[in-house]
>>> print(open('final.txt').read())   # compact mmCIF, C-alpha atoms and all ligand atoms
# COMPACT_ATOMS: atom_id res chain seq x y z
CA VAL Z 1 48.52 100.72 42.81
CA ARG Z 2 51.50 102.07 44.69
CA THR Z 3 55.00 100.90 43.74
CA SER Z 4 57.15 100.10 46.77
CA THR Z 5 60.40 102.01 47.12
CA LEU Z 6 61.89 99.38 49.45
CA THR Z 7 65.24 97.96 48.45
CA ALA Z 8 65.91 94.22 48.56
CA ASP Z 9 68.32 94.80 51.49
CA ALA Z 10 65.41 95.87 53.68
CA VAL Z 11 63.76 92.45 53.47
CA GLU Z 12 66.81 90.17 53.33
CA ARG Z 13 68.81 88.82 56.26
CA GLY Z 14 72.19 89.62 54.77
CA ALA Z 15 75.05 88.37 56.97
CA PHE Z 16 72.83 87.94 60.04
CA ARG Z 17 71.67 84.56 61.27
CA HIS Z 18 68.14 85.75 62.08
CA PHE Z 19 65.99 88.75 61.23
CA MET Z 20 65.81 89.61 64.94
CA ALA Z 21 69.61 90.01 65.08
CA LYS Z 22 69.57 92.14 61.94
CA GLU Z 23 66.81 94.35 63.31
CA ILE Z 24 68.55 94.81 66.67
CA HIS Z 25 71.62 96.02 64.78
CA GLU Z 26 69.57 98.32 62.55
CA GLN Z 27 68.44 100.41 65.53
CA PRO Z 28 71.02 103.23 65.31
CA ALA Z 29 70.13 103.83 61.66
CA ALA Z 30 66.39 103.37 62.26
CA ILE Z 31 66.34 105.91 65.11
CA ALA Z 32 68.35 108.38 63.03
CA GLU Z 33 65.69 107.94 60.33
CA THR Z 34 62.89 108.62 62.85
CA LEU Z 35 64.62 111.88 63.79
CA GLU Z 36 65.41 112.89 60.20
CA GLY Z 37 63.79 116.21 59.25
CA ARG Z 38 62.06 116.47 62.63
CA VAL Z 39 64.77 118.13 64.69
CA SER Z 40 67.32 120.85 64.10
CA ASP Z 41 70.45 121.18 66.25
CA ASP Z 42 68.50 121.73 69.45
CA ARG Z 43 64.83 122.26 68.51
CA ILE Z 44 61.90 120.19 67.34
CA LEU Z 45 60.91 121.38 63.87
CA PRO Z 46 57.33 122.68 63.83
CA GLU Z 47 56.16 120.39 61.02
CA ALA Z 48 57.23 117.22 62.91
CA LEU Z 49 53.61 116.45 63.83
CA GLY Z 50 51.95 117.95 60.78
CA PRO Z 51 50.41 121.34 60.04
CA ASP Z 52 48.74 123.16 62.97
CA ALA Z 53 50.17 120.65 65.42
CA SER Z 54 51.27 123.36 67.87
CA ARG Z 55 47.71 124.69 68.12
CA LEU Z 56 46.27 121.23 68.67
CA LEU Z 57 48.89 120.38 71.32
CA ALA Z 58 48.25 123.65 73.12
CA ASP Z 59 44.54 122.68 73.40
CA VAL Z 60 45.26 119.18 74.70
CA ARG Z 61 44.79 118.71 78.47
CA ARG Z 62 45.18 114.91 78.81
CA VAL Z 63 46.54 111.98 76.84
CA GLN Z 64 45.12 108.46 76.47
CA ILE Z 65 47.47 105.89 74.94
CA VAL Z 66 46.22 102.51 73.67
CA ALA Z 67 48.34 99.67 72.23
CA CYS Z 68 49.23 95.96 72.48
CA GLY Z 69 52.36 93.98 73.37
CA THR Z 70 55.66 95.75 72.89
CA SER Z 71 53.87 98.87 71.65
CA TYR Z 72 52.00 98.96 74.98
CA HIS Z 73 55.34 98.98 76.80
CA ALA Z 74 56.44 101.97 74.71
CA GLY Z 75 53.23 103.68 75.85
CA LEU Z 76 54.04 102.96 79.50
CA VAL Z 77 57.43 104.67 79.11
CA ALA Z 78 55.73 107.64 77.44
CA ARG Z 79 53.39 108.11 80.38
CA TYR Z 80 56.37 109.09 82.56
CA TRP Z 81 57.52 111.49 79.82
CA PHE Z 82 54.11 113.11 79.21
CA GLU Z 83 53.68 113.82 82.91
CA SER Z 84 57.23 114.91 83.78
CA ILE Z 85 58.19 116.76 80.57
CA ALA Z 86 54.90 118.07 79.18
CA GLY Z 87 52.93 118.29 82.44
CA LEU Z 88 50.01 116.41 80.84
CA PRO Z 89 48.16 113.65 82.71
CA CYS Z 90 48.49 110.42 80.72
CA ASP Z 91 46.74 107.05 80.89
CA VAL Z 92 47.90 103.91 79.08
CA GLU Z 93 45.79 100.82 78.47
CA VAL Z 94 46.08 97.60 76.49
CA ALA Z 95 43.72 97.78 73.53
CA SER Z 96 41.95 94.48 74.29
CA GLU Z 97 40.83 95.96 77.63
CA PHE Z 98 40.10 99.47 76.41
CA ARG Z 99 37.73 98.36 73.68
CA TYR Z 100 35.46 96.34 75.97
CA ARG Z 101 34.68 98.76 78.77
CA ALA Z 102 32.83 102.02 79.37
CA HIS Z 103 34.83 105.27 79.31
CA VAL Z 104 34.64 108.69 80.87
CA VAL Z 105 36.52 111.00 78.51
CA ALA Z 106 37.81 114.26 79.97
CA PRO Z 107 37.57 117.32 77.67
CA ASP Z 108 40.48 117.89 75.28
CA THR Z 109 42.00 114.43 75.62
CA LEU Z 110 44.32 113.35 72.83
CA PHE Z 111 43.86 109.69 71.87
CA VAL Z 112 47.15 108.05 70.82
CA THR Z 113 47.53 104.59 69.30
CA LEU Z 114 50.91 102.87 68.99
CA SER Z 115 51.43 100.02 66.57
CA GLN Z 116 54.24 98.66 64.44
CA SER Z 117 51.92 97.08 61.87
CA GLY Z 118 48.92 99.40 62.09
CA GLU Z 119 46.72 96.32 61.64
CA THR Z 120 46.48 94.85 65.15
CA ALA Z 121 42.77 94.09 65.47
CA ASP Z 122 42.31 95.25 69.08
CA THR Z 123 44.19 98.52 68.55
CA LEU Z 124 42.18 99.24 65.42
CA ALA Z 125 38.90 98.45 67.20
CA ALA Z 126 39.92 100.71 70.10
CA LEU Z 127 40.58 103.56 67.65
CA ARG Z 128 37.18 103.07 66.02
CA GLU Z 129 35.52 103.06 69.46
CA ALA Z 130 37.47 106.18 70.50
CA LYS Z 131 36.20 108.07 67.47
CA THR Z 132 32.67 107.79 68.88
CA LEU Z 133 33.67 108.99 72.35
CA GLY Z 134 34.52 112.67 71.91
CA TYR Z 135 38.31 112.72 72.05
CA ARG Z 136 39.92 115.99 70.90
CA ALA Z 137 41.87 114.19 68.14
CA THR Z 138 43.42 110.82 67.30
CA LEU Z 139 47.13 110.36 66.66
CA ALA Z 140 48.70 107.14 65.35
CA ILE Z 141 52.39 106.42 65.89
CA CYS Z 142 52.96 103.64 63.41
CA ASN Z 143 55.52 101.99 61.13
CA VAL Z 144 53.39 101.11 58.08
CA PRO Z 145 52.19 104.07 56.01
CA GLU Z 146 49.54 102.05 54.11
CA SER Z 147 48.01 100.57 57.28
CA SER Z 148 44.39 100.88 58.41
CA LEU Z 149 45.46 102.65 61.61
CA VAL Z 150 47.25 105.37 59.65
CA ARG Z 151 44.39 105.80 57.20
CA GLU Z 152 41.79 106.09 59.96
CA SER Z 153 43.61 108.46 62.36
CA ASP Z 154 43.40 112.27 62.31
CA ARG Z 155 47.15 112.64 62.70
CA VAL Z 156 50.09 110.39 62.12
CA MET Z 157 53.73 110.19 63.08
CA MET Z 158 55.52 107.48 61.12
CA THR Z 159 58.31 105.68 62.97
CA ARG Z 160 60.19 104.87 59.74
CA ALA Z 161 61.84 101.74 61.20
CA GLY Z 162 61.68 99.88 57.88
CA PRO Z 163 60.10 96.42 57.60
CA GLU Z 164 60.21 94.46 60.85
CA ILE Z 165 60.17 90.78 59.95
CA GLY Z 166 61.23 89.21 63.28
CA VAL Z 167 58.14 88.40 65.35
CA ALA Z 168 59.80 89.76 68.50
CA SER Z 169 59.63 93.50 68.06
CA THR Z 170 62.94 95.37 68.53
CA LYS Z 171 63.61 98.35 66.24
CA ALA Z 172 59.87 99.08 66.14
CA PHE Z 173 60.01 99.60 69.93
CA THR Z 174 62.98 101.98 70.05
CA THR Z 175 61.70 104.00 67.09
CA GLN Z 176 58.29 104.25 68.80
CA LEU Z 177 60.06 105.56 71.89
CA THR Z 178 61.86 108.10 69.70
CA ALA Z 179 58.63 109.24 68.02
CA LEU Z 180 56.91 109.41 71.41
CA LEU Z 181 59.66 111.55 72.91
CA LEU Z 182 59.44 113.90 69.92
CA THR Z 183 55.68 114.14 70.49
CA VAL Z 184 56.17 114.77 74.21
CA ILE Z 185 58.73 117.51 73.55
CA ALA Z 186 56.38 119.16 71.04
CA ALA Z 187 53.53 118.94 73.57
CA GLY Z 188 55.83 120.21 76.30
CA ARG Z 189 56.73 123.23 74.22
CA ALA Z 190 53.03 124.07 73.99
CA HIS Z 191 52.69 123.78 77.79
CA GLN Z 192 55.55 124.01 80.28
CA LEU Z 193 58.84 123.08 78.61
CA GLY Z 194 61.46 125.82 78.53
CA ARG Z 195 63.79 126.44 75.62
CA ASP Z 196 66.87 125.13 77.46
CA GLU Z 197 65.11 121.93 78.46
CA GLU Z 198 63.98 121.37 74.89
CA ALA Z 199 67.56 121.87 73.69
CA ARG Z 200 68.86 119.38 76.27
CA LEU Z 201 66.31 116.73 75.25
CA VAL Z 202 66.84 117.16 71.51
CA ARG Z 203 70.62 116.93 71.94
CA ALA Z 204 70.21 113.77 74.02
CA LEU Z 205 68.03 112.23 71.30
CA ARG Z 206 70.50 113.11 68.58
CA GLN Z 207 73.30 111.34 70.47
CA ILE Z 208 71.37 108.13 71.07
CA PRO Z 209 72.13 106.33 67.75
CA ARG Z 210 75.86 106.59 68.45
CA GLN Z 211 75.42 105.45 72.06
CA ILE Z 212 73.37 102.44 70.92
CA GLU Z 213 76.27 101.55 68.57
CA THR Z 214 78.47 101.37 71.67
CA VAL Z 215 75.97 99.04 73.37
CA LEU Z 216 75.88 96.79 70.29
CA GLY Z 217 79.65 96.47 70.72
CA LEU Z 218 78.95 94.68 74.04
CA GLU Z 219 77.31 91.78 72.21
CA PRO Z 220 80.15 89.23 72.79
CA ARG Z 221 79.98 89.90 76.54
CA ILE Z 222 76.16 89.57 76.56
CA GLU Z 223 76.42 86.34 74.56
CA THR Z 224 78.66 84.92 77.29
CA LEU Z 225 76.25 86.11 80.00
CA ALA Z 226 73.41 84.35 78.19
CA GLU Z 227 74.97 80.97 79.01
CA ALA Z 228 73.96 81.44 82.64
CA PHE Z 229 70.27 81.52 81.65
CA ILE Z 230 69.88 78.48 79.44
CA ASP Z 231 69.26 75.89 82.18
CA LYS Z 232 66.95 78.18 84.18
CA HIS Z 233 63.16 77.98 84.21
CA HIS Z 234 62.36 81.44 85.56
CA THR Z 235 63.87 84.92 85.34
CA LEU Z 236 62.94 88.11 87.12
CA PHE Z 237 63.39 91.58 85.61
CA LEU Z 238 63.37 94.60 87.92
CA GLY Z 239 63.19 98.32 87.22
CA ARG Z 240 62.16 101.61 88.74
CA GLY Z 241 60.63 104.62 86.97
CA THR Z 242 60.88 104.41 83.17
CA GLN Z 243 63.06 101.34 83.61
CA TYR Z 244 60.06 99.39 84.92
CA PRO Z 245 58.37 99.23 81.48
CA VAL Z 246 61.83 98.55 80.00
CA ALA Z 247 62.04 95.56 82.38
CA MET Z 248 58.55 94.47 81.21
CA GLU Z 249 59.78 94.61 77.63
CA GLY Z 250 62.95 92.64 78.53
CA ALA Z 251 60.81 89.94 80.17
CA LEU Z 252 58.46 89.81 77.17
CA LYS Z 253 61.38 89.37 74.76
CA LEU Z 254 62.91 86.57 76.82
CA LYS Z 255 59.70 84.58 77.30
CA GLU Z 256 58.53 85.06 73.71
CA ILE Z 257 61.64 83.68 72.04
CA SER Z 258 63.44 81.47 74.59
CA TYR Z 259 60.31 79.97 76.25
CA ILE Z 260 61.84 80.68 79.66
CA HIS Z 261 59.29 82.09 82.06
CA ALA Z 262 60.14 85.74 82.72
CA GLU Z 263 58.36 88.29 84.85
CA ALA Z 264 58.95 91.98 85.46
CA TYR Z 265 58.36 93.77 88.74
CA PRO Z 266 58.80 97.35 89.89
CA ALA Z 267 61.87 96.92 92.10
CA GLY Z 268 60.12 98.51 95.09
CA GLU Z 269 57.38 95.83 94.95
CA LEU Z 270 59.85 92.98 95.24
CA LYS Z 271 59.48 92.70 98.99
CA HIS Z 272 55.69 92.36 98.74
CA GLY Z 273 55.72 88.75 97.58
CA PRO Z 274 58.02 87.85 94.67
CA LEU Z 275 61.18 88.02 96.80
CA ALA Z 276 60.08 84.66 98.23
CA LEU Z 277 60.82 83.08 94.83
CA VAL Z 278 64.36 84.40 94.51
CA ASP Z 279 67.24 81.93 94.84
CA ALA Z 280 70.35 80.93 92.89
CA ASP Z 281 68.17 79.30 90.21
CA MET Z 282 66.27 82.45 89.36
CA PRO Z 283 68.49 85.07 87.66
CA VAL Z 284 67.51 88.67 88.36
CA VAL Z 285 68.15 91.20 85.59
CA THR Z 286 67.98 94.93 86.12
CA ALA Z 287 68.94 98.30 84.67
CA ALA Z 288 70.65 100.92 86.80
CA PRO Z 289 71.00 104.20 84.93
CA ASN Z 290 72.36 107.10 86.95
CA ASN Z 291 69.22 108.81 88.27
CA ASP Z 292 67.65 109.75 91.56
CA LEU Z 293 66.15 106.26 91.97
CA VAL Z 294 69.40 104.35 91.70
CA GLU Z 295 70.18 104.24 95.43
CA LYS Z 296 66.70 102.85 96.11
CA LEU Z 297 67.25 100.28 93.39
CA LYS Z 298 70.55 99.24 94.96
CA SER Z 299 68.84 98.54 98.27
CA ASN Z 300 66.36 96.31 96.39
CA LEU Z 301 69.33 94.50 94.84
CA GLN Z 302 70.69 93.88 98.36
CA GLU Z 303 67.41 92.13 99.17
CA VAL Z 304 68.03 89.83 96.17
CA ARG Z 305 71.57 89.03 97.31
CA ALA Z 306 70.39 88.31 100.83
CA ARG Z 307 68.19 85.56 99.33
CA GLY Z 308 71.13 84.05 97.43
CA GLY Z 309 69.95 85.53 94.10
CA ARG Z 310 72.24 86.07 91.10
CA LEU Z 311 72.21 89.59 89.71
CA TYR Z 312 72.86 90.81 86.16
CA VAL Z 313 72.97 94.59 86.22
CA PHE Z 314 73.21 96.88 83.17
CA ALA Z 315 74.47 100.10 84.69
CA ASP Z 316 75.88 103.56 84.27
CA PRO Z 317 79.50 103.32 85.48
CA ALA Z 318 78.94 106.31 87.79
CA ALA Z 319 76.07 104.55 89.59
CA ALA Z 320 76.88 100.86 89.26
CA PRO Z 321 76.77 98.53 92.25
CA ALA Z 322 80.07 96.78 93.02
CA ALA Z 323 80.60 93.67 90.89
CA SER Z 324 81.06 90.39 92.76
CA ASP Z 325 80.54 86.64 92.31
CA ASP Z 326 76.80 87.04 92.72
CA CYS Z 327 76.52 90.38 90.86
CA GLN Z 328 77.66 90.80 87.27
CA VAL Z 329 77.80 94.41 86.16
CA ILE Z 330 77.78 95.43 82.50
CA ALA Z 331 78.65 99.10 82.03
CA LEU Z 332 76.64 101.10 79.48
CA PRO Z 333 77.44 104.63 78.26
CA SER Z 334 76.24 107.50 80.47
CA VAL Z 335 73.14 109.09 78.97
CA ASP Z 336 70.60 111.76 79.77
CA GLU Z 337 67.92 110.28 82.03
CA ALA Z 338 65.16 111.01 79.48
CA VAL Z 339 66.66 108.79 76.76
CA ALA Z 340 67.86 106.00 79.08
CA PRO Z 341 64.86 103.73 78.17
CA LEU Z 342 66.06 103.63 74.54
CA LEU Z 343 69.59 102.66 75.49
CA TYR Z 344 68.78 100.13 78.21
CA SER Z 345 66.29 98.23 76.01
CA VAL Z 346 69.04 97.15 73.63
CA PRO Z 347 71.11 94.88 75.95
CA LEU Z 348 67.88 93.18 77.05
CA GLN Z 349 67.04 92.44 73.40
CA LEU Z 350 70.54 91.01 72.86
CA LEU Z 351 70.28 88.92 76.02
CA ALA Z 352 66.91 87.44 74.98
CA TYR Z 353 68.21 86.75 71.47
CA HIS Z 354 71.36 84.94 72.63
CA VAL Z 355 69.55 82.90 75.28
CA ALA Z 356 67.11 81.80 72.56
CA VAL Z 357 69.90 80.89 70.13
CA LEU Z 358 71.76 78.91 72.81
C1 LIG T 1 52.28 90.80 68.83
C2 LIG T 1 53.74 90.77 68.50
O1 LIG T 1 51.62 89.74 68.28
O2 LIG T 1 51.72 92.08 68.45
C3 LIG T 1 54.42 91.87 69.33
O3 LIG T 1 54.34 89.51 68.83
C4 LIG T 1 53.75 93.20 69.03
O4 LIG T 1 55.80 91.90 69.02
C5 LIG T 1 52.23 93.16 69.19
O5 LIG T 1 54.27 94.17 69.89
C6 LIG T 1 51.52 94.43 68.76
O6 LIG T 1 51.77 94.65 67.38
P1 LIG T 1 51.69 96.08 66.72
O7 LIG T 1 51.93 95.82 65.24
O8 LIG T 1 50.30 96.61 66.97
O9 LIG T 1 52.72 96.94 67.33
>>> encode(input="final.txt", output="structure tokens")
Amino acid sequence: VRTSTLTADAVERGAFRHFMAKEIHEQPAAIAETLEGRVSDDRILPEALGPDASRLLADVRRVQIVACGTSYHAGLVARYWFESIAGLPCDVEVASEFRYRAHVVAPDTLFVTLSQSGETADTLAALREAKTLGYRATLAICNVPESSLVRESDRVMMTRAGPEIGVASTKAFTTQLTALLLTVIAAGRAHQLGRDEEARLVRALRQIPRQIETVLGLEPRIETLAEAFIDKHHTLFLGRGTQYPVAMEGALKLKEISYIHAEAYPAGELKHGPLALVDADMPVVTAAPNNDLVEKLKSNLQEVRARGGRLYVFADPAAAPAASDDCQVIALPSVDEAVAPLLYSVPLQLLAYHVAVL
């Protein structure tokens, strides 16, 4: 018997109309909790991933991530991070596919599962299968300490988001991203990441709770934007780089709770088919952080306008396209490119929530 230390506040709605709204607003505190005790001013603390983690990470040559739903999208973001920051090849697969096919496992591959609940049947089955396949070690990034996934994995990083009661995952996603970036930085340190780069990434992570607070302050504006979506039957989400899985997550949120069909595309693929569907009745939502892909993204947005599409762009003010009748621009705080997926997920959650309420 283990007595829960949860307070009643953690499982009550309080002043919020729905648990989803409460959980969206809990993200700054939840992310701060994920970071607590795992970073100093500008370093990852060695015990963040458990004893001997540095030795294990130094041995690792590849990463295989397996998850479902929103957790899978967190894995897709992490693939960009593992390859660009840690220099480790990374594959990501949905658990219901992974568990039913044959595998060739390269030596010293770390097997990572992502799950809010730690009880998703396919993810658990994939872990059990992986344990027979010769992976170097298994790591679970999970929110429920008593879960099967945590008990059956070699290593664990808890996301510490607190209970997530809303079916549409929100704070579980951004805390998974936080835990994943911590893992990537720790792996990077064991491989190719320099001290200055580590310091830059840790500082960017430490600032993100405050920057998400600023985004939450945009809620009244996003609520007004949501009105443009309620009579629509389809919505397209576009993104490039790490913003592509963020777009996938935005589309999943919208379809899951508003029942409006939503699809995500890598912006560069738009011209290879889906552009034919774009017109004034199909809103196009995208994120434009200030990075080296933003000019390419803007030319994709021109393609949308040429088809009479209506654009809703969450953007860094330094990189934003010009606002106009057919292009609404919502400015977000400027952030380090590495943490942009955390920040840009939040307005998409708010948009999905308000469309659903309306
Ligand atoms: C789905 C939920 O059923 O399970 C999603 O609706 C969630 O929100 C997915 O992402 C996977 O759950 P978990 O607990 O393994 O992260």
>>> closest_atom_pairs(input="final.txt", of="chain Z", to="ligand LIG 1 (chain T)", cutoff="9 Å", atoms="only C-alpha atoms and all ligand atoms", output="JSON lines")
{"residue": "Z:Ala67", "atom": "CA", "partner": "T:LIG1", "partner_atom": "O8", "distance": 6.4}
{"residue": "Z:Cys68", "atom": "CA", "partner": "T:LIG1", "partner_atom": "C6", "distance": 4.6}
{"residue": "Z:Gly69", "atom": "CA", "partner": "T:LIG1", "partner_atom": "O5", "distance": 4.0}
{"residue": "Z:Thr70", "atom": "CA", "partner": "T:LIG1", "partner_atom": "O5", "distance": 3.7}
{"residue": "Z:Ser71", "atom": "CA", "partner": "T:LIG1", "partner_atom": "O9", "distance": 4.9}
{"residue": "Z:Tyr72", "atom": "CA", "partner": "T:LIG1", "partner_atom": "O5", "distance": 7.3}
{"residue": "Z:His73", "atom": "CA", "partner": "T:LIG1", "partner_atom": "O5", "distance": 8.5}
{"residue": "Z:Thr113", "atom": "CA", "partner": "T:LIG1", "partner_atom": "O8", "distance": 8.8}
{"residue": "Z:Leu114", "atom": "CA", "partner": "T:LIG1", "partner_atom": "O9", "distance": 6.4}
{"residue": "Z:Ser115", "atom": "CA", "partner": "T:LIG1", "partner_atom": "O9", "distance": 3.4}
{"residue": "Z:Gln116", "atom": "CA", "partner": "T:LIG1", "partner_atom": "O9", "distance": 3.7}
{"residue": "Z:Ser117", "atom": "CA", "partner": "T:LIG1", "partner_atom": "O7", "distance": 3.6}
{"residue": "Z:Gly118", "atom": "CA", "partner": "T:LIG1", "partner_atom": "O7", "distance": 5.6}
{"residue": "Z:Glu119", "atom": "CA", "partner": "T:LIG1", "partner_atom": "O7", "distance": 6.4}
{"residue": "Z:Thr120", "atom": "CA", "partner": "T:LIG1", "partner_atom": "O8", "distance": 4.6}
{"residue": "Z:Ala121", "atom": "CA", "partner": "T:LIG1", "partner_atom": "O8", "distance": 8.1}
{"residue": "Z:Asp122", "atom": "CA", "partner": "T:LIG1", "partner_atom": "O8", "distance": 8.4}
{"residue": "Z:Thr123", "atom": "CA", "partner": "T:LIG1", "partner_atom": "O8", "distance": 6.6}
{"residue": "Z:Leu124", "atom": "CA", "partner": "T:LIG1", "partner_atom": "O8", "distance": 8.7}
{"residue": "Z:Cys142", "atom": "CA", "partner": "T:LIG1", "partner_atom": "O9", "distance": 7.8}
{"residue": "Z:Asn143", "atom": "CA", "partner": "T:LIG1", "partner_atom": "O7", "distance": 8.2}
{"residue": "Z:Gly166", "atom": "CA", "partner": "T:LIG1", "partner_atom": "O4", "distance": 8.3}
{"residue": "Z:Val167", "atom": "CA", "partner": "T:LIG1", "partner_atom": "O3", "distance": 5.3}
{"residue": "Z:Ala168", "atom": "CA", "partner": "T:LIG1", "partner_atom": "O4", "distance": 4.6}
{"residue": "Z:Ser169", "atom": "CA", "partner": "T:LIG1", "partner_atom": "O4", "distance": 4.3}
{"residue": "Z:Thr170", "atom": "CA", "partner": "T:LIG1", "partner_atom": "O4", "distance": 8.0}
{"residue": "Z:Ala172", "atom": "CA", "partner": "T:LIG1", "partner_atom": "O9", "distance": 7.6}
{"residue": "Z:Phe173", "atom": "CA", "partner": "T:LIG1", "partner_atom": "O5", "distance": 7.9}
{"residue": "Z:Leu252", "atom": "CA", "partner": "T:LIG1", "partner_atom": "O4", "distance": 8.8}
{"residue": "Z:Lys253", "atom": "CA", "partner": "T:LIG1", "partner_atom": "O4", "distance": 8.4}
{"residue": "Z:Glu256", "atom": "CA", "partner": "T:LIG1", "partner_atom": "O3", "distance": 7.8}
>>> closest_atom_pairs(input="final.txt", of="region 99-191 of chain Z", to="region 209-217 of chain Z", cutoff="12 Å", atoms="all atoms listed in the file", output="tab-separated table")
residue	atom	partner	partner_atom	distance
Z:Lys171	CA	Z:Ile212	CA	11.6
Z:Thr174	CA	Z:Pro209	CA	10.4
Z:Thr175	CA	Z:Pro209	CA	10.7
Z:Thr178	CA	Z:Pro209	CA	10.6
>>> residues_around(input="final.txt", residues="region 288-305 of chain Z", least_positions_apart="6", cutoff="10 Å", atoms="only C-alpha atoms", output="VMD selection string")
chain Z and resid 238 to 241 243 266 to 271 275 to 280 311 313 to 321 326 to 327 329 to 338 340 to 341 343 to 344
>>> closest_residue(input="final.txt", among="Z:Val284, Z:Gly87, Z:Val63, Z:Leu177", to="Val246 (chain Z)", atoms="all atoms listed in the file")
Z:Leu177
>>> residues_around(input="final.txt", residues="Ala264 (chain Z)", least_positions_apart="2", cutoff="8 Å", atoms="all atoms listed in the file", output="ChimeraX atom specification")
/Z:236-239,244,247-248,251,262,266
>>> atom_distance(input="final.txt", atom1="CA of Gln207 (chain Z)", atom2="CA of Gln27 (chain Z)")
12.9 Å
>>> closest_residue(input="final.txt", among="Z:Arg38, Z:His261, Z:Arg307, Z:His354", to="Met158 (chain Z)", atoms="only C-alpha atoms")
Z:Arg38
>>> atom_distance(input="final.txt", atom1="CA of Val92 (chain Z)", atom2="CA of Val104 (chain Z)")
14.2 Å
>>> atom_distance(input="final.txt", atom1="CA of Ile65 (chain Z)", atom2="CA of Asp42 (chain Z)")
26.9 Å
>>> closest_residue(input="final.txt", among="Z:Val112, Z:Ser54, Z:Val346, Z:Glu47", to="Pro28 (chain Z)", atoms="all atoms listed in the file")
Z:Val346
>>> residues_around(input="final.txt", residues="region 133-138 of chain Z", least_positions_apart="2", cutoff="7 Å", atoms="all atoms listed in the file", output="mmCIF file with C-alpha atoms, keeping the file's coordinate frame")
data_model
loop_
_atom_site.group_PDB
_atom_site.id
_atom_site.type_symbol
_atom_site.label_atom_id
_atom_site.label_comp_id
_atom_site.auth_asym_id
_atom_site.auth_seq_id
_atom_site.Cartn_x
_atom_site.Cartn_y
_atom_site.Cartn_z
ATOM 1 C CA VAL Z 105 36.520 111.000 78.510
ATOM 2 C CA ASP Z 108 40.480 117.890 75.280
ATOM 3 C CA THR Z 109 42.000 114.430 75.620
ATOM 4 C CA LEU Z 110 44.320 113.350 72.830
ATOM 5 C CA PHE Z 111 43.860 109.690 71.870
ATOM 6 C CA VAL Z 112 47.150 108.050 70.820
ATOM 7 C CA GLU Z 129 35.520 103.060 69.460
ATOM 8 C CA ALA Z 130 37.470 106.180 70.500
ATOM 9 C CA LYS Z 131 36.200 108.070 67.470
ATOM 10 C CA ALA Z 140 48.700 107.140 65.350
ATOM 11 C CA SER Z 153 43.610 108.460 62.360
ATOM 12 C CA ASP Z 154 43.400 112.270 62.310
ATOM 13 C CA ARG Z 155 47.150 112.640 62.700
#
>>> decode(input="final.txt", residues="region 275-284 of chain Z", atoms="N, CA, C and O atoms", output="CSV table (one decimal), in the first residue's frame")
chain,number,residue,atom,x,y,z
Z,275,LEU,N,-2.4,21.1,-51.8
Z,275,LEU,CA,-2.7,22.5,-52.2
Z,275,LEU,C,-4.0,22.6,-53.0
Z,275,LEU,O,-4.7,23.6,-52.9
Z,276,ALA,N,-4.3,21.5,-53.7
Z,276,ALA,CA,-5.6,21.5,-54.5
Z,276,ALA,C,-6.8,21.7,-53.6
Z,276,ALA,O,-7.9,22.1,-54.1
Z,277,LEU,N,-6.7,21.3,-52.4
Z,277,LEU,CA,-7.9,21.4,-51.5
Z,277,LEU,C,-8.1,22.8,-50.9
Z,277,LEU,O,-9.1,23.1,-50.3
Z,278,VAL,N,-7.0,23.6,-50.9
Z,278,VAL,CA,-7.0,24.9,-50.2
Z,278,VAL,C,-8.0,25.9,-50.9
Z,278,VAL,O,-7.9,26.1,-52.1
Z,279,ASP,N,-8.9,26.5,-50.1
Z,279,ASP,CA,-9.7,27.6,-50.5
Z,279,ASP,C,-10.1,28.4,-49.3
Z,279,ASP,O,-9.7,28.1,-48.2
Z,280,ALA,N,-11.0,29.3,-49.5
Z,280,ALA,CA,-11.4,30.2,-48.3
Z,280,ALA,C,-12.1,29.4,-47.2
Z,280,ALA,O,-12.2,29.9,-46.1
Z,281,ASP,N,-12.6,28.2,-47.5
Z,281,ASP,CA,-13.3,27.4,-46.5
Z,281,ASP,C,-12.4,26.5,-45.8
Z,281,ASP,O,-12.9,25.7,-44.9
Z,282,MET,N,-11.1,26.5,-46.1
Z,282,MET,CA,-10.2,25.6,-45.4
Z,282,MET,C,-9.1,26.4,-44.7
Z,282,MET,O,-8.1,26.7,-45.3
Z,283,PRO,N,-9.3,26.8,-43.4
Z,283,PRO,CA,-8.2,27.6,-42.8
Z,283,PRO,C,-6.9,26.8,-42.7
Z,283,PRO,O,-6.9,25.6,-42.6
Z,284,VAL,N,-5.8,27.6,-42.8
Z,284,VAL,CA,-4.5,27.0,-42.8
Z,284,VAL,C,-3.8,27.6,-41.6
Z,284,VAL,O,-3.6,28.8,-41.5
